[in-house]
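Novice: Okay, so here is my_file-v8.cif, and as you'll see once you scroll down, it has mmCIF, C-alpha atoms.
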data_final
#
loop_
_atom_site.label_atom_id
_atom_site.label_comp_id
_atom_site.auth_asym_id
_atom_site.auth_seq_id
_atom_site.Cartn_x
_atom_site.Cartn_y
_atom_site.Cartn_z
CA MET A 257 31.97 -87.09 74.85
CA PRO A 258 30.21 -87.71 71.52
CA ASP A 259 26.89 -89.40 71.89
CA VAL A 260 27.11 -92.66 69.96
CA LYS A 261 23.34 -92.97 69.72
CA THR A 262 23.04 -89.48 68.19
CA LYS A 263 25.74 -90.20 65.69
CA SER A 264 24.15 -93.42 64.52
CA ARG A 265 20.74 -91.81 64.27
CA VAL A 266 22.11 -89.08 61.99
CA SER A 267 23.85 -91.63 59.79
CA GLU A 268 20.65 -93.68 59.65
CA ILE A 269 18.83 -90.57 58.38
CA TRP A 270 21.48 -90.12 55.70
CA GLU A 271 20.87 -93.71 54.62
CA LEU A 272 17.12 -93.11 54.49
CA LEU A 273 17.68 -90.01 52.38
CA GLU A 274 19.38 -92.28 49.83
CA THR A 275 15.87 -93.60 49.11
CA VAL A 276 14.40 -90.16 48.32
CA HIS A 277 14.54 -89.46 44.61
CA ASP A 278 14.51 -86.23 42.67
CA PRO A 279 11.03 -86.00 41.12
CA GLU A 280 12.32 -84.58 37.82
CA VAL A 281 15.43 -86.73 37.43
CA PRO A 282 14.16 -89.83 39.26
CA VAL A 283 17.35 -91.80 38.71
CA LEU A 284 19.11 -89.51 41.22
CA THR A 285 18.55 -89.43 44.96
CA VAL A 286 18.62 -86.13 46.80
CA VAL A 287 21.97 -87.21 48.26
CA ASP A 288 23.44 -87.96 44.78
CA LEU A 289 22.29 -84.54 43.65
CA GLY A 290 24.05 -82.83 46.55
CA VAL A 291 21.02 -80.84 47.68
CA VAL A 292 21.12 -82.27 51.23
CA ARG A 293 23.65 -80.15 53.07
CA GLU A 294 23.26 -81.26 56.65
CA VAL A 295 21.36 -83.58 58.96
CA ARG A 296 21.28 -82.83 62.67
CA GLU A 297 19.33 -83.49 65.80
CA ILE A 298 17.41 -80.57 67.23
CA GLU A 299 15.22 -80.29 70.30
CA SER A 300 12.00 -81.07 68.43
CA GLY A 301 13.44 -83.96 66.40
CA ILE A 302 15.52 -84.01 63.24
CA GLU A 303 16.49 -81.13 60.98
CA VAL A 304 17.41 -81.72 57.36
CA VAL A 305 19.05 -78.76 55.60
CA ILE A 306 18.58 -78.60 51.82
CA THR A 307 19.58 -76.14 49.11
CA PRO A 308 17.88 -75.59 45.73
CA THR A 309 19.66 -76.31 42.46
CA TYR A 310 18.05 -73.28 40.78
CA SER A 311 16.02 -70.53 42.56
CA GLY A 312 12.90 -71.44 40.65
CA CYS A 313 13.30 -75.20 40.76
CA PRO A 314 9.71 -76.44 41.15
CA ALA A 315 10.96 -79.77 42.53
CA MET A 316 12.05 -78.30 45.86
CA ASN A 317 8.61 -78.38 47.48
CA VAL A 318 8.10 -81.98 46.38
CA ILE A 319 11.57 -82.91 47.64
CA GLU A 320 10.74 -81.42 51.03
CA ILE A 321 7.48 -83.38 51.24
CA ASN A 322 9.15 -86.60 50.07
CA ILE A 323 11.92 -86.26 52.66
CA LYS A 324 9.35 -85.81 55.42
CA MET A 325 7.30 -88.75 54.19
CA ALA A 326 10.28 -91.10 53.86
CA LEU A 327 11.50 -90.24 57.35
CA ALA A 328 8.00 -90.43 58.87
CA THR A 329 7.51 -93.90 57.40
CA ALA A 330 10.81 -94.95 58.95
CA GLY A 331 9.73 -93.73 62.38
CA TYR A 332 10.87 -90.11 62.42
CA PRO A 333 7.66 -88.07 62.56
CA ASN A 334 9.25 -84.83 63.78
CA VAL A 335 11.35 -83.68 60.90
CA ALA A 336 11.96 -80.06 59.99
CA VAL A 337 13.31 -79.30 56.53
CA ARG A 338 15.15 -76.00 56.29
CA THR A 339 16.21 -74.41 53.00
CA VAL A 340 19.46 -72.44 52.77
CA LEU A 341 20.77 -70.50 49.76
CA SER A 342 24.39 -70.00 50.77
CA PRO A 343 26.74 -71.48 49.78
CA ALA A 344 24.97 -71.74 46.43
CA TRP A 345 24.55 -75.20 44.94
CA THR A 346 27.00 -76.32 42.30
CA THR A 347 27.15 -79.41 40.09
CA ASP A 348 30.52 -80.10 41.77
CA TRP A 349 28.45 -81.43 44.69
CA MET A 350 26.92 -84.18 42.58
CA SER A 351 28.34 -87.55 43.64
CA GLU A 352 30.37 -89.75 41.29
CA ALA A 353 27.75 -92.45 41.74
CA GLY A 354 25.14 -89.90 40.73
CA LYS A 355 27.02 -89.04 37.54
CA GLN A 356 27.26 -92.72 36.61
CA LYS A 357 23.52 -93.18 37.22
CA LEU A 358 22.73 -90.16 35.04
CA LYS A 359 24.79 -91.54 32.16
CA ALA A 360 23.17 -94.98 32.44
CA TYR A 361 19.79 -93.22 32.36
CA GLY A 362 20.68 -91.46 29.10
CA ILE A 363 21.51 -88.01 30.48
CA ALA A 364 25.07 -86.78 29.93
CA PRO A 365 26.47 -85.84 33.36
CA PRO A 366 28.04 -82.41 34.01
CA ARG A 367 31.61 -82.34 32.80
CA GLY A 368 34.53 -80.63 34.47
CA ALA A 369 34.29 -77.41 36.40
CA ALA A 370 31.66 -74.77 35.70
CA VAL A 371 32.91 -72.57 32.86
CA ASP A 372 32.91 -68.79 32.68
CA LYS A 373 29.29 -68.02 31.84
CA SER A 374 29.94 -64.39 31.08
CA LEU A 375 31.95 -65.07 27.92
CA LEU A 376 30.00 -64.03 24.82
CA PHE A 377 29.60 -66.41 21.89
CA ALA A 378 31.64 -69.13 23.59
CA GLU A 379 31.89 -72.49 21.84
CA PRO A 380 29.42 -74.93 23.37
CA LYS A 381 30.99 -77.54 25.59
CA ARG A 382 32.05 -80.84 23.98
CA VAL A 383 29.83 -83.42 25.56
CA PRO A 384 30.16 -87.15 24.81
CA CYS A 385 27.01 -89.04 23.87
CA PRO A 386 25.74 -91.04 26.87
CA ARG A 387 24.74 -93.91 24.56
CA CYS A 388 27.74 -94.43 22.26
CA ASP A 389 30.41 -92.22 23.93
CA SER A 390 31.14 -90.38 20.68
CA PHE A 391 32.40 -86.81 21.06
CA ASP A 392 30.89 -85.96 17.68
CA THR A 393 27.83 -84.27 19.18
CA LYS A 394 26.14 -80.92 18.75
CA MET A 395 24.21 -78.64 21.04
CA VAL A 396 20.64 -78.24 19.81
CA SER A 397 19.45 -75.86 22.51
CA GLU A 398 21.09 -74.29 25.53
CA PHE A 399 17.83 -74.97 27.32
CA GLY A 400 16.14 -78.28 27.89
CA SER A 401 13.20 -79.89 29.63
CA THR A 402 14.24 -78.51 33.03
CA ALA A 403 16.31 -75.52 34.17
CA CYS A 404 19.32 -77.73 34.84
CA LYS A 405 19.61 -79.30 31.38
CA ALA A 406 20.65 -78.42 27.81
CA HIS A 407 19.62 -80.33 24.71
CA TYR A 408 22.18 -82.14 22.52
CA GLN A 409 22.23 -84.57 19.65
CA CYS A 410 24.82 -87.20 18.75
CA ASN A 411 26.09 -87.00 15.14
CA SER A 412 27.34 -90.61 15.26
CA CYS A 413 24.31 -92.52 16.51
CA LEU A 414 21.85 -89.63 15.95
CA GLU A 415 20.39 -90.06 19.44
CA PRO A 416 19.07 -86.82 20.95
CA PHE A 417 20.01 -86.47 24.63
CA ASP A 418 19.93 -84.14 27.61
CA TYR A 419 23.11 -82.72 29.12
CA PHE A 420 23.07 -81.81 32.80
CA LYS A 421 24.62 -78.33 32.72
CA CYS A 422 27.48 -77.29 34.96
CA LEU A 423 26.50 -74.64 37.47
CA MET B 103 -1.21 -48.40 60.48
CA ASN B 104 2.55 -47.96 60.59
CA PRO B 105 4.27 -47.10 57.32
CA PRO B 106 6.42 -49.91 55.90
CA THR B 107 10.03 -49.95 57.11
CA PRO B 108 12.74 -48.99 54.61
CA LEU B 109 14.10 -52.56 54.60
CA PHE B 110 10.68 -54.02 53.81
CA SER B 111 10.23 -51.57 50.91
CA TYR B 112 13.73 -52.23 49.66
CA ILE B 113 13.20 -56.01 49.51
CA LEU B 114 9.81 -55.55 47.85
CA ARG B 115 11.29 -53.38 45.10
CA GLN B 116 13.61 -56.12 43.92
CA ALA B 117 11.01 -58.84 44.52
CA ASP B 118 8.48 -56.91 42.43
CA ASN B 119 11.06 -56.27 39.70
CA VAL B 120 11.76 -59.95 39.21
CA LEU B 121 8.17 -61.12 39.67
CA ILE B 122 6.69 -58.68 37.16
CA LEU B 123 9.41 -59.31 34.59
CA GLY B 124 8.99 -63.06 35.16
CA GLN B 125 5.27 -62.64 34.49
CA ARG B 126 5.96 -60.65 31.32
CA LEU B 127 8.41 -63.29 30.08
CA SER B 128 5.85 -66.01 30.75
CA GLU B 129 3.68 -64.43 28.04
CA TRP B 130 6.15 -65.92 25.55
CA CYS B 131 5.32 -69.46 26.62
CA GLY B 132 4.19 -71.17 23.42
CA HIS B 133 4.89 -68.03 21.36
CA GLY B 134 8.71 -68.00 21.06
CA PRO B 135 10.10 -67.49 17.53
CA ILE B 136 11.60 -71.00 17.66
CA LEU B 137 11.50 -73.70 20.31
CA GLU B 138 14.89 -72.83 21.83
CA GLN B 139 13.89 -69.22 22.48
CA ASP B 140 10.53 -70.32 23.79
CA ILE B 141 12.21 -72.57 26.35
CA ALA B 142 14.91 -69.97 27.10
CA LEU B 143 12.45 -67.20 27.91
CA THR B 144 10.33 -69.41 30.12
CA ASN B 145 13.49 -70.68 31.86
CA PHE B 146 14.42 -67.08 32.61
CA ALA B 147 10.90 -66.47 33.88
CA LEU B 148 11.27 -69.45 36.19
CA ASP B 149 14.60 -68.19 37.55
CA LEU B 150 13.17 -64.74 38.17
CA ILE B 151 10.00 -65.99 39.83
CA GLY B 152 12.19 -68.26 41.98
CA GLN B 153 14.23 -65.25 43.05
CA ALA B 154 10.99 -63.38 43.75
CA ARG B 155 9.86 -66.19 46.07
CA SER B 156 13.05 -66.00 48.14
CA LEU B 157 12.70 -62.22 48.39
CA TYR B 158 8.97 -62.27 49.26
CA GLN B 159 9.57 -64.91 51.93
CA TYR B 160 12.17 -62.66 53.48
CA ALA B 161 10.01 -59.53 53.09
CA ALA B 162 7.14 -61.31 54.84
CA GLU B 163 9.45 -62.28 57.68
CA VAL B 164 10.82 -58.71 57.99
CA GLU B 165 7.32 -57.26 58.01
CA GLY B 166 6.22 -59.69 60.72
CA LYS B 167 2.50 -59.21 60.21
CA GLY B 168 1.68 -62.77 59.28
CA ARG B 169 1.51 -62.14 55.54
CA SER B 170 2.92 -64.89 53.32
CA GLU B 171 4.89 -64.73 50.08
CA ASP B 172 1.63 -65.47 48.25
CA ASP B 173 -0.23 -62.66 50.03
CA LEU B 174 2.48 -60.24 48.91
CA ALA B 175 2.35 -61.41 45.30
CA TYR B 176 -1.38 -61.86 44.86
CA LEU B 177 -3.14 -59.51 47.24
CA ARG B 178 -1.47 -56.13 46.77
CA ASP B 179 -2.79 -53.47 44.40
CA GLY B 180 -0.72 -51.57 41.84
CA PHE B 181 0.14 -48.64 44.09
CA ASP B 182 1.68 -51.08 46.59
CA PHE B 183 4.00 -52.53 43.94
CA TYR B 184 7.46 -50.94 43.80
CA ASN B 185 9.01 -52.37 40.64
CA VAL B 186 10.72 -50.09 38.12
CA LEU B 187 8.51 -49.11 35.18
CA LEU B 188 10.79 -50.88 32.67
CA VAL B 189 9.70 -54.37 33.71
CA GLU B 190 5.94 -53.77 33.47
CA LEU B 191 5.92 -52.49 29.88
CA PRO B 192 4.29 -54.77 27.28
CA LYS B 193 6.58 -57.40 25.78
CA GLY B 194 6.43 -56.09 22.20
CA ASP B 195 8.22 -58.14 19.54
CA PHE B 196 11.15 -60.46 20.27
CA GLY B 197 13.64 -57.63 19.71
CA HIS B 198 11.77 -55.41 22.15
CA THR B 199 11.65 -58.20 24.74
CA MET B 200 15.39 -58.88 24.35
CA THR B 201 16.30 -55.19 24.62
CA ARG B 202 14.28 -54.81 27.82
CA GLN B 203 15.84 -58.04 29.08
CA PHE B 204 19.35 -56.80 28.31
CA PHE B 205 18.79 -53.45 30.06
CA PHE B 206 17.36 -55.24 33.07
CA ASP B 207 19.93 -58.08 33.13
CA ALA B 208 22.78 -55.53 33.12
CA TYR B 209 21.13 -53.91 36.16
CA ASN B 210 20.30 -57.22 37.84
CA TYR B 211 23.81 -58.61 37.42
CA TYR B 212 25.58 -55.64 39.00
CA PHE B 213 22.86 -55.34 41.63
CA TYR B 214 23.36 -58.90 42.87
CA GLN B 215 27.12 -58.62 42.51
CA GLN B 216 27.13 -55.82 45.08
CA LEU B 217 24.33 -57.27 47.19
CA GLN B 218 26.48 -60.35 47.87
CA LYS B 219 28.48 -58.05 50.17
CA SER B 220 25.40 -56.73 51.98
CA SER B 221 25.59 -56.62 55.76
CA ASP B 222 22.19 -58.33 55.70
CA PRO B 223 23.06 -62.05 55.53
CA THR B 224 19.73 -63.15 54.00
CA LEU B 225 19.98 -60.63 51.16
CA ALA B 226 23.62 -61.61 50.61
CA ALA B 227 22.64 -65.29 50.37
CA ILE B 228 19.80 -64.59 47.90
CA ALA B 229 22.26 -62.55 45.81
CA GLU B 230 24.88 -65.31 45.89
CA LYS B 231 22.32 -67.79 44.60
CA SER B 232 20.73 -65.47 42.03
CA ILE B 233 23.87 -64.12 40.41
CA LYS B 234 24.73 -67.56 39.01
CA GLU B 235 21.46 -67.51 37.10
CA VAL B 236 21.65 -63.85 36.10
CA THR B 237 25.19 -64.26 34.71
CA TYR B 238 23.68 -66.63 32.20
CA HIS B 239 20.77 -64.27 31.44
CA LEU B 240 23.10 -61.33 30.80
CA ARG B 241 25.26 -63.32 28.43
CA TYR B 242 22.22 -64.56 26.54
CA SER B 243 20.56 -61.16 26.14
CA SER B 244 23.91 -59.49 25.27
CA GLU B 245 24.43 -62.02 22.48
CA TRP B 246 20.96 -61.38 21.08
CA MET B 247 21.51 -57.61 21.14
CA ILE B 248 24.61 -58.10 18.99
CA ARG B 249 23.14 -60.80 16.76
CA LEU B 250 20.00 -58.79 15.94
CA GLY B 251 21.51 -55.28 16.05
CA ASP B 252 24.31 -56.33 13.72
CA GLY B 253 22.00 -58.62 11.75
CA THR B 254 19.74 -57.79 8.83
CA GLU B 255 18.39 -54.38 7.94
CA GLU B 256 15.03 -55.39 9.38
CA SER B 257 16.41 -56.77 12.65
CA HIS B 258 18.66 -53.71 13.05
CA ARG B 259 15.70 -51.38 12.55
CA ARG B 260 13.61 -53.24 15.12
CA MET B 261 16.41 -53.24 17.70
CA GLN B 262 17.10 -49.53 17.28
CA THR B 263 13.37 -48.83 17.65
CA ALA B 264 13.32 -50.86 20.87
CA VAL B 265 16.44 -49.18 22.29
CA ASP B 266 14.98 -45.73 21.58
CA ALA B 267 11.57 -46.61 23.01
CA LEU B 268 12.92 -48.15 26.23
CA TRP B 269 15.78 -45.76 26.92
CA ALA B 270 13.75 -43.31 29.01
CA TYR B 271 12.86 -46.18 31.36
CA THR B 272 16.46 -47.09 32.20
CA GLY B 273 17.34 -44.14 34.44
CA GLU B 274 15.12 -45.45 37.19
CA LEU B 275 17.33 -48.54 37.49
CA TYR B 276 20.21 -46.55 38.95
CA THR B 277 18.61 -43.43 40.44
CA PRO B 278 18.66 -43.65 44.25
CA ASP B 279 16.00 -42.23 46.54
CA ALA B 280 15.87 -41.76 50.33
CA ILE B 281 15.34 -45.47 51.00
CA ASP B 282 18.37 -46.46 48.90
CA GLN B 283 20.51 -43.87 50.64
CA GLU B 284 19.42 -44.78 54.15
CA LEU B 285 20.07 -48.47 53.61
CA LEU B 286 23.34 -47.84 51.77
CA ALA B 287 24.58 -45.96 54.83
CA ALA B 288 23.63 -49.01 56.91
CA GLY B 289 25.70 -51.27 54.63
CA ILE B 290 22.60 -53.15 53.47
CA ALA B 291 21.77 -51.64 50.09
CA VAL B 292 23.59 -51.52 46.78
CA ASP B 293 25.47 -48.34 45.80
CA LEU B 294 23.46 -47.25 42.76
CA GLY B 295 26.11 -44.70 41.76
CA ARG B 296 28.62 -47.48 41.29
CA LEU B 297 25.98 -49.64 39.62
CA GLN B 298 25.26 -46.82 37.16
CA GLN B 299 28.91 -46.76 36.03
CA HIS B 300 28.99 -50.51 35.46
CA TRP B 301 25.60 -50.48 33.76
CA GLN B 302 26.52 -47.68 31.37
CA GLN B 303 29.85 -49.27 30.50
CA ARG B 304 28.24 -52.62 29.71
CA VAL B 305 25.43 -51.02 27.68
CA ARG B 306 27.87 -48.86 25.72
CA GLU B 307 30.05 -51.88 24.98
CA ILE B 308 27.21 -54.11 23.77
CA LEU B 309 25.28 -51.46 21.81
CA THR B 310 28.50 -50.47 20.05
CA ALA B 311 29.22 -54.10 19.15
CA ALA B 312 25.62 -54.36 17.96
CA THR B 313 26.10 -51.31 15.67
CA LEU B 314 23.21 -49.61 17.49
CA ASP B 315 23.13 -45.90 18.32
CA ILE B 316 23.19 -45.05 22.00
CA PRO B 317 20.37 -42.57 22.63
CA THR B 318 21.46 -39.11 23.70
CA GLU B 319 18.16 -38.37 25.45
CA THR B 320 18.81 -37.71 29.13
CA TRP B 321 15.26 -37.15 30.39
CA MET B 322 14.14 -40.20 32.30
CA GLN B 323 10.81 -41.62 33.44
CA LYS B 324 10.41 -42.47 37.11
CA GLY B 325 7.81 -43.41 39.72
CA GLY B 326 7.66 -47.20 39.86
CA LYS B 327 9.89 -47.45 42.93
CA GLN B 328 7.45 -45.17 44.74
CA GLY B 329 4.34 -47.03 43.58
CA ARG B 330 3.36 -44.73 40.68
CA HIS B 331 2.97 -46.93 37.63
CA THR B 332 2.08 -46.92 33.97
CA GLU B 333 -1.36 -48.20 32.95
CA HIS B 334 0.29 -51.47 31.90
CA LEU B 335 0.88 -52.82 35.41
CA GLY B 336 -2.83 -53.15 36.10
CA TYR B 337 -3.25 -55.57 33.22
CA VAL B 338 -0.36 -57.71 34.45
CA LEU B 339 -1.83 -57.84 37.95
CA ALA B 340 -5.35 -58.51 36.69
CA GLU B 341 -4.16 -61.64 34.95
CA MET B 342 -1.70 -62.74 37.62
CA GLN B 343 -3.99 -62.14 40.60
CA TYR B 344 -7.31 -63.14 39.06
CA LEU B 345 -7.58 -66.56 40.68
CA GLN B 346 -6.78 -65.44 44.24
CA ARG B 347 -9.02 -62.39 43.92
CA THR B 348 -11.97 -64.34 42.57
CA TYR B 349 -11.56 -67.47 44.68
CA PRO B 350 -9.81 -66.21 47.83
CA ASN B 351 -7.53 -68.72 49.58
CA SER B 352 -7.93 -71.35 46.90
CA GLU B 353 -5.07 -73.86 46.87
CA TRP B 354 -3.73 -76.49 44.52
#
Go ahead and render the structure in this file as structure tokens.
Specialist:
Amino acid sequence: MPDVKTKSRVSEIWELLETVHDPEVPVLTVVDLGVVREVREIESGIEVVITPTYSGCPAMNVIEINIKMALATAGYPNVAVRTVLSPAWTTDWMSEAGKQKLKAYGIAPPRGAAVDKSLLFAEPKRVPCPRCDSFDTKMVSEFGSTACKAHYQCNSCLEPFDYFKCL
Amino acid sequence: MNPPTPLFSYILRQADNVLILGQRLSEWCGHGPILEQDIALTNFALDLIGQARSLYQYAAEVEGKGRSEDDLAYLRDGFDFYNVLLVELPKGDFGHTMTRQFFFDAYNYYFYQQLQKSSDPTLAAIAEKSIKEVTYHLRYSSEWMIRLGDGTEESHRRMQTAVDALWAYTGELYTPDAIDQELLAAGIAVDLGRLQQHWQQRVREILTAATLDIPTETWMQKGGKQGRHTEHLGYVLAEMQYLQRTYPNSEW
């Protein structure tokens, strides 16, 4: 028989994780971002399973510490955070709420499915401006302030903006 | 002291490849020809160093002697590094860096592609994660080979010079030794014979599109995978390891 207490404790943890923000894109929580893969009870306490967005993402260590701190403050001192690499993270795991928050923050959210990254000299993706919604935008740099972003500029309102790349 | 197991050495080879190349790419930080390239090269460095961390963590676990990922990166000497010679060579000009990157990306892409099927689940998971990043690297460096090779007279000359200078360091990427063969038989390692075919096809395709001559030289340098390095590795390690060597166990 499923243990009701266990179930509610796990869902309470999920709710607490909604308060842990990504240090580099602070408008998103770790749940919005899709990096929390699993929460379960283990013998020694709680285990939270996370996956990195990019192998070298420097935010992962901070995310791990912030998860432990948030849960400790809420009365869960024995939390283990385990990192898994498979299945590999994809922007498809970002929540709809997360995408809306990104746009409101001025970062264009990932659009559509990840494209074929092996195609040479492909046209850059058409990305609407997060400020004025114009599609008349241009890619300035395939690389931005963090590994997960590219740099764009809007030709209509001239606002430069980040685009959260599909992966 | 027991000699390292084949699996430990095998993981270290790839870990050292990506760490040393990541370190070389980091030298471009603040020196890229324009801002986009500056950010691109440091992004690649970050991806590669991230992959190195996953591999070192696993190597440390396989070794089981209490060494950490940091111990493996910062406290080994040159003869205990097993990266191919290609990645330790000086960065040269932007064309030289891109040519080295292209030769390595073509290896790295097909390496991870096969490693995803490894019977070792940790290596397969690292490969599954890494190949998404390397797909992007290979496209980027392939485009620059074509853009610069088929560019101006000056850019063409520089690219051909780089291709000719680096060619003798490419054979090591796909030449197996006893460790590769033993682990291939166990279903763990990548089949370098198959990788060689893919690598050569990709290189032929891109160099042709770039109007660059494919060198006919067949003599190849080797030794890195066995810990015999060029004089350049020592300089990389001196800079990278300085802090931990001078102030042991210092932390952020």
Novice: Kindly extract all protein, DNA and RNA residues lying within 9 Å of the coordinates (18.4, -64.6, 50.0) given in the file, considering all atoms listed in the file, and supply them as a PyMOL selection string.
Specialist: (chain A and resi 340-342) or (chain B and resi 153+156-157+160+223-232)
Novice: Write the residues of the preceding selection, restricted to C-alpha atoms, as a short mmCIF file (atom, residue, chain, number, x, y, z; two decimals), in the coordinates of the input.
Specialist:
data_model
loop_
_atom_site.label_atom_id
_atom_site.label_comp_id
_atom_site.auth_asym_id
_atom_site.auth_seq_id
_atom_site.Cartn_x
_atom_site.Cartn_y
_atom_site.Cartn_z
CA VAL A 340 19.46 -72.44 52.77
CA LEU A 341 20.77 -70.50 49.76
CA SER A 342 24.39 -70.00 50.77
CA GLN B 153 14.23 -65.25 43.05
CA SER B 156 13.05 -66.00 48.14
CA LEU B 157 12.70 -62.22 48.39
CA TYR B 160 12.17 -62.66 53.48
CA PRO B 223 23.06 -62.05 55.53
CA THR B 224 19.73 -63.15 54.00
CA LEU B 225 19.98 -60.63 51.16
CA ALA B 226 23.62 -61.61 50.61
CA ALA B 227 22.64 -65.29 50.37
CA ILE B 228 19.80 -64.59 47.90
CA ALA B 229 22.26 -62.55 45.81
CA GLU B 230 24.88 -65.31 45.89
CA LYS B 231 22.32 -67.79 44.60
CA SER B 232 20.73 -65.47 42.03
#
Novice: Quote the spacing between CA of Pro105 in chain B and CA of Glu165 in chain B in Å to one decimal place.
Specialist: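 Computing the Euclidean distance for CA of Pro105 in chain B and CA of Glu165 in chain B yields 10.6 Å.
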Novice: Using all atoms listed in the file, I'd like every residue of chain A that has an atom within 9 Å of chain B; please write them out as a ChimeraX atom specification.
Specialist: /A:310-314,340-345,373-377,396-403,423
Novice: List every protein, DNA or RNA residue that has at least one atom no more than 12 Å from (13.5, -87.1, 42.0) in the file's coordinates, counting only C-alpha atoms, and write the result as a count of residues only.
Specialist: 30
Novice: Determine the nearest neighbour of Lys421 in chain A from the options A:Gly362, A:Gly368, A:Pro333, A:Gly290, counting only C-alpha atoms.
Specialist: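 Of A:Gly362, A:Gly368, A:Pro333, A:Gly290, the one nearest Lys421 in chain A, counting only C-alpha atoms, is A:Gly368.
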Novice: Just to confirm, what's the straight-line distance from CA of Gly253 in chain B to CA of Ala312 in chain B in Å (one decimal)?
Specialist: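 CA of Ala312 in chain B lies 8.4 Å from CA of Gly253 in chain B.
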Novice: If the PyMOL selection byres ((chain A and resi 337) around 6) is run on the structure shown, which residues does it catch, given as a ChimeraX atom specification?
Specialist: /A:303-305,336,338
Novice: As a list of chain:residue names, please: the residues near Gln343 in chain B (cut-off 9 Å, all atoms listed in the file, same-chain neighbours under 3 positions excluded).
Specialist: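 Surrounding residues, per the criterion: B:Ala175, B:Tyr176, B:Leu177, B:Arg178, B:Val338, B:Leu339, B:Ala340, B:Gln346, B:Arg347, B:Thr348.
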Novice: Report, in Å with one decimal, the straight-line distance from CA of Ser220 in chain B to CA of Tyr276 in chain B.
Specialist: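 Interatomic distance here is 17.3 Å.
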Novice: Where does the PyMOL selection byres ((chain B and resi 210-213) around 8) land in this file, that is, which residues does it pick, as a list in words?
Specialist: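 This file, filtered by the PyMOL selection byres ((chain B and resi 210-213) around 8), leaves Phe206, Asp207, Ala208, Tyr209, Tyr214, Gln215, Gln216, Leu217, Ile233, Val236, Thr237, Leu240, Val292, Leu297, His300 and Trp301 of chain B.
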Novice: Looking at A:Ser300, A:Thr329, A:Ser264, A:Thr347, which one is nearest to Phe420 in chain A, with distances taken over all atoms listed in the file?
Specialist: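 Closest residue, counting all atoms listed in the file: A:Thr347.
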Novice: Leaving out Val265 in chain B and any residue of its chain fewer than 2 positions from it, which residues lie within 9 Å of it when counting all atoms listed in the file, given as an MDAnalysis selection string?
Specialist: chainID B and resid 198 201:202 260:263 267:269 314:317
